[in-house]
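Undergrad: Below you will find the structure I want to go over with you.
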Amino acid sequence: DAKTTQPTSMDCAEGRAANLPCNHSTISGNEYVYWYRQIHSQGPQYIIHGLKNNETNEMASLIITEDRKSSTLILPHATLRDTAVYYCIVRPWDNYGQNFVFGPGTRLSVLP
Amino acid sequence: DTEVTQTPKHLVMGMTNKKSLKCEQHMGHRAMYWYKQKAKKPPELMFVYSYEKLSINESVPSRFSPECPNSSLLNLHLHALQPEDSALYLCASSQDPYGLNEKLFFGSGTQLSVL
């Protein structure tokens, strides 16, 4: 299974862009990169996912390097409510096709 | 309706009790999941149901017994738990168990305390 590594924690000033990196150097060709976040004591929330092209939605942008060995989640204008643990997941596809495995994640603190 | 509803939100039980956690979704999703999350740790996958059949059991002790009565409901039956089983139990669903391009939708969890 492709593993991910993320910084343990990051700070970001309110109103600035938050750039959260993720390394996934053993990713396979058909594995998607997913980002979820978890605000304290709530269930994880889907943010965005992609295969090889950059993706953007109303919450964030996902930049995947050409070799697919790393990616960056960008929150363009961070607010205090974006303080959360952010999980980068590379979803392995096995016979059952559904295994989402969470790593330790990055604890993002947005500071006023 | 994009909600996954879990009940109860909080549960305190003794080691000899039997209790059940419930999860419901009405999005027509055909895969449902149980995760366990200890404080300050990431969620850990416990079980996956695909088309109402158990497809993944991550070596979970038998004191946890999952059940999927229909495509909208998922239960987790608890019996003879230990204090170390105290955790946040999260339910999730996704549309197609075998799709590569799937999203998980999570409930808000049941915070379980075993005394």
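Chain labels run A, B, ... following the order of the structure tokens; each chain numbers its residues from 1, and ligands are numbered from 1 in the order shown.
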Could you find all residues in chain B that DSSP calls strand (DSSP E) from the backbone, and write them as a short mmCIF file (atom, residue, chain, number, x, y, z; two decimals) with N, CA and C atoms, in the first residue's frame?

TA:
data_model
loop_
_atom_site.label_atom_id
_atom_site.label_comp_id
_atom_site.auth_asym_id
_atom_site.auth_seq_id
_atom_site.Cartn_x
_atom_site.Cartn_y
_atom_site.Cartn_z
N VAL B 4 -24.93 11.24 7.11
CA VAL B 4 -24.82 9.96 7.77
C VAL B 4 -25.12 10.22 9.24
N THR B 5 -26.17 9.55 9.73
CA THR B 5 -26.65 9.83 11.08
C THR B 5 -26.26 8.70 12.02
N GLN B 6 -25.61 9.05 13.12
CA GLN B 6 -25.20 8.06 14.10
C GLN B 6 -25.91 8.32 15.43
N THR B 7 -26.37 7.25 16.04
CA THR B 7 -26.95 7.32 17.38
C THR B 7 -26.45 6.17 18.23
N HIS B 10 -23.43 9.89 22.53
CA HIS B 10 -22.59 9.52 23.67
C HIS B 10 -23.15 8.25 24.28
N LEU B 11 -22.25 7.37 24.76
CA LEU B 11 -22.69 6.13 25.40
C LEU B 11 -21.68 5.77 26.48
N VAL B 12 -22.23 5.50 27.67
CA VAL B 12 -21.40 5.00 28.77
C VAL B 12 -21.91 3.60 29.10
N MET B 13 -21.02 2.63 29.17
CA MET B 13 -21.45 1.27 29.44
C MET B 13 -20.45 0.56 30.35
N LYS B 18 -24.48 -5.08 27.25
CA LYS B 18 -24.61 -5.22 25.80
C LYS B 18 -25.29 -3.97 25.28
N LYS B 19 -24.69 -3.36 24.28
CA LYS B 19 -25.27 -2.17 23.68
C LYS B 19 -25.05 -2.22 22.17
N SER B 20 -25.73 -1.33 21.46
CA SER B 20 -25.56 -1.25 20.01
C SER B 20 -25.42 0.19 19.57
N LEU B 21 -24.55 0.39 18.59
CA LEU B 21 -24.42 1.68 17.92
C LEU B 21 -25.14 1.57 16.58
N LYS B 22 -25.81 2.67 16.20
CA LYS B 22 -26.57 2.65 14.96
C LYS B 22 -26.09 3.72 14.00
N CYS B 23 -26.20 3.41 12.72
CA CYS B 23 -25.79 4.33 11.66
C CYS B 23 -26.79 4.22 10.53
N GLU B 24 -27.16 5.36 9.95
CA GLU B 24 -28.16 5.36 8.89
C GLU B 24 -27.77 6.36 7.82
N GLN B 25 -27.97 5.98 6.57
CA GLN B 25 -27.79 6.92 5.45
C GLN B 25 -28.87 6.67 4.42
N ALA B 31 -21.81 0.96 0.15
CA ALA B 31 -20.71 0.57 1.03
C ALA B 31 -20.84 1.34 2.33
N MET B 32 -20.68 0.63 3.45
CA MET B 32 -20.74 1.28 4.75
C MET B 32 -19.59 0.78 5.61
N TYR B 33 -19.09 1.67 6.47
CA TYR B 33 -17.83 1.44 7.18
C TYR B 33 -17.98 1.76 8.65
N TRP B 34 -17.24 1.02 9.47
CA TRP B 34 -17.02 1.40 10.87
C TRP B 34 -15.54 1.69 11.07
N TYR B 35 -15.28 2.84 11.71
CA TYR B 35 -13.93 3.22 12.12
C TYR B 35 -13.94 3.44 13.63
N LYS B 36 -12.77 3.20 14.22
CA LYS B 36 -12.57 3.49 15.64
C LYS B 36 -11.47 4.56 15.75
N GLN B 37 -11.67 5.56 16.62
CA GLN B 37 -10.68 6.62 16.75
C GLN B 37 -10.40 6.89 18.22
N GLU B 44 -9.15 4.43 12.62
CA GLU B 44 -8.68 3.11 12.20
C GLU B 44 -9.87 2.32 11.67
N LEU B 45 -9.69 1.75 10.48
CA LEU B 45 -10.76 0.98 9.87
C LEU B 45 -11.01 -0.29 10.66
N MET B 46 -12.32 -0.58 10.90
CA MET B 46 -12.70 -1.83 11.58
C MET B 46 -13.36 -2.78 10.59
N PHE B 47 -14.46 -2.34 9.99
CA PHE B 47 -15.26 -3.20 9.12
C PHE B 47 -15.71 -2.42 7.89
N VAL B 48 -15.92 -3.18 6.80
CA VAL B 48 -16.54 -2.62 5.60
C VAL B 48 -17.63 -3.57 5.14
N TYR B 49 -18.78 -3.03 4.82
CA TYR B 49 -19.86 -3.78 4.19
C TYR B 49 -20.04 -3.28 2.76
N SER B 50 -20.09 -4.24 1.84
CA SER B 50 -20.34 -3.92 0.43
C SER B 50 -21.58 -4.67 0.00
N LYS B 53 -22.95 -7.09 2.45
CA LYS B 53 -22.13 -8.23 2.86
C LYS B 53 -20.82 -7.73 3.46
N LEU B 54 -20.38 -8.38 4.52
CA LEU B 54 -19.12 -8.00 5.16
C LEU B 54 -17.97 -8.31 4.21
N SER B 55 -17.22 -7.28 3.82
CA SER B 55 -16.12 -7.49 2.88
C SER B 55 -14.75 -7.28 3.50
N ILE B 56 -14.69 -6.51 4.56
CA ILE B 56 -13.42 -6.31 5.25
C ILE B 56 -13.67 -6.37 6.76
N ASN B 57 -12.87 -7.18 7.45
CA ASN B 57 -12.84 -7.22 8.91
C ASN B 57 -11.36 -7.11 9.27
N PHE B 64 -16.87 -7.03 19.30
CA PHE B 64 -17.51 -6.09 18.37
C PHE B 64 -18.15 -6.91 17.26
N SER B 65 -19.45 -6.77 17.06
CA SER B 65 -20.16 -7.56 16.07
C SER B 65 -20.95 -6.63 15.15
N PRO B 66 -20.54 -6.51 13.89
CA PRO B 66 -21.27 -5.63 12.98
C PRO B 66 -22.46 -6.33 12.36
N GLU B 67 -23.40 -5.51 11.92
CA GLU B 67 -24.59 -6.04 11.25
C GLU B 67 -25.07 -5.00 10.25
N CYS B 68 -25.47 -5.46 9.06
CA CYS B 68 -26.01 -4.56 8.05
C CYS B 68 -27.37 -5.09 7.62
N PRO B 69 -28.45 -4.70 8.30
CA PRO B 69 -29.77 -5.26 8.02
C PRO B 69 -30.30 -4.91 6.63
N ASN B 70 -29.96 -3.74 6.14
CA ASN B 70 -30.32 -3.36 4.77
C ASN B 70 -29.33 -2.30 4.29
N LEU B 73 -28.82 0.86 6.66
CA LEU B 73 -28.56 0.76 8.09
C LEU B 73 -27.31 -0.05 8.37
N LEU B 74 -26.59 0.39 9.39
CA LEU B 74 -25.41 -0.34 9.85
C LEU B 74 -25.41 -0.28 11.37
N ASN B 75 -25.26 -1.45 11.98
CA ASN B 75 -25.20 -1.52 13.44
C ASN B 75 -23.85 -2.05 13.88
N LEU B 76 -23.47 -1.69 15.09
CA LEU B 76 -22.29 -2.28 15.72
C LEU B 76 -22.71 -2.72 17.11
N HIS B 77 -22.78 -4.04 17.31
CA HIS B 77 -23.20 -4.60 18.58
C HIS B 77 -21.97 -4.78 19.48
N LEU B 78 -22.12 -4.36 20.73
CA LEU B 78 -21.01 -4.34 21.67
C LEU B 78 -21.32 -5.23 22.85
N HIS B 79 -20.38 -6.07 23.23
CA HIS B 79 -20.61 -6.99 24.35
C HIS B 79 -19.28 -7.27 25.05
N ALA B 87 -13.57 5.02 22.97
CA ALA B 87 -13.10 5.71 21.77
C ALA B 87 -14.28 6.39 21.09
N LEU B 88 -13.98 7.13 20.03
CA LEU B 88 -15.00 7.67 19.13
C LEU B 88 -15.21 6.64 18.01
N TYR B 89 -16.44 6.20 17.82
CA TYR B 89 -16.75 5.23 16.78
C TYR B 89 -17.46 5.97 15.65
N LEU B 90 -16.85 5.89 14.48
CA LEU B 90 -17.31 6.64 13.31
C LEU B 90 -17.89 5.69 12.27
N CYS B 91 -19.01 6.09 11.73
CA CYS B 91 -19.63 5.38 10.62
C CYS B 91 -19.43 6.21 9.36
N ALA B 92 -19.25 5.55 8.23
CA ALA B 92 -19.12 6.25 6.95
C ALA B 92 -19.80 5.45 5.86
N SER B 93 -20.08 6.11 4.74
CA SER B 93 -20.65 5.41 3.60
C SER B 93 -20.03 5.96 2.32
N SER B 94 -20.08 5.14 1.27
CA SER B 94 -19.68 5.59 -0.06
C SER B 94 -20.57 4.91 -1.08
N PHE B 105 -18.41 9.57 3.14
CA PHE B 105 -19.19 10.53 3.92
C PHE B 105 -19.27 9.98 5.34
N PHE B 106 -18.86 10.80 6.31
CA PHE B 106 -18.80 10.37 7.70
C PHE B 106 -19.95 10.93 8.52
N THR B 110 -20.05 8.27 17.60
CA THR B 110 -20.54 7.97 18.94
C THR B 110 -19.33 7.92 19.87
N GLN B 111 -19.35 8.77 20.89
CA GLN B 111 -18.27 8.76 21.87
C GLN B 111 -18.61 7.73 22.93
N LEU B 112 -17.84 6.65 22.98
CA LEU B 112 -18.10 5.53 23.86
C LEU B 112 -17.13 5.54 25.04
N SER B 113 -17.68 5.39 26.24
CA SER B 113 -16.86 5.23 27.44
C SER B 113 -17.23 3.92 28.09
N VAL B 114 -16.23 3.07 28.34
CA VAL B 114 -16.43 1.77 28.98
C VAL B 114 -15.85 1.85 30.39
#

Undergrad: Identify every residue of chain A that has at least one atom within 10 Å of any atom of chain B, counting only C-alpha atoms, and report the result as number ranges by chain.

TA: A: 30-34, 36, 38, 40-51, 85, 87, 91-105

Undergrad: What does the distance from CA of Thr26 (chain A) to CA of Ile89 (chain A) come to in Å, to one decimal?

TA: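 Value for the CA of Thr26 (chain A)-CA of Ile89 (chain A) distance: 12.5 Å.
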
Undergrad: Give me the residues near Leu81 (chain B) as a PyMOL selection string, where near means some atom within 8 Å (using only C-alpha atoms) and where sequence neighbours in that chain fewer than 6 positions away do not count.

TA: chain B and resi 14-17+63+114

Undergrad: What is the CA of Thr72 (chain A) to CA of Asp11 (chain A) distance in Å?

TA: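 According to the coordinates, CA of Thr72 (chain A) and CA of Asp11 (chain A) are separated by 15.3 Å.
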
Undergrad: Can you list, as a PyMOL selection string, every protein, DNA or RNA residue that comes within 7 Å of Val110 (chain A) when you count only C-alpha atoms, leaving out same-chain residues fewer than 6 positions away?

TA: chain A and resi 11-14+78-80+82-83

Undergrad: Hey, which of A:Thr4, A:Thr65, A:Ser9, A:Thr56 ends up closest to His24 (chain A)? Count only C-alpha atoms.

TA: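 Using only C-alpha atoms, the shortest distance to His24 (chain A) belongs to A:Thr4.
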
Undergrad: Could you tell me how far CA of Lys52 (chain A) sits from CA of Gly15 (chain A), in Å to one decimal place?

TA: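 Atom-to-atom, CA of Gly15 (chain A) to CA of Lys52 (chain A), that is 28.2 Å.
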
Undergrad: So, counting only C-alpha atoms, which residue among B:Leu115, B:Ser71, B:Lys38, B:Glu3 is closest to Tyr51 (chain B)?

TA: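 Looking only at the distances to Tyr51 (chain B), the closest residue turns out to be B:Ser71.
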
Undergrad: Restricting the calculation to only C-alpha atoms, which member of B:Gln95, B:Glu52, B:Pro61, B:Glu84 is positioned closest to Met27 (chain B)?

TA: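 That would be B:Gln95, the residue with the smallest distance to Met27 (chain B).
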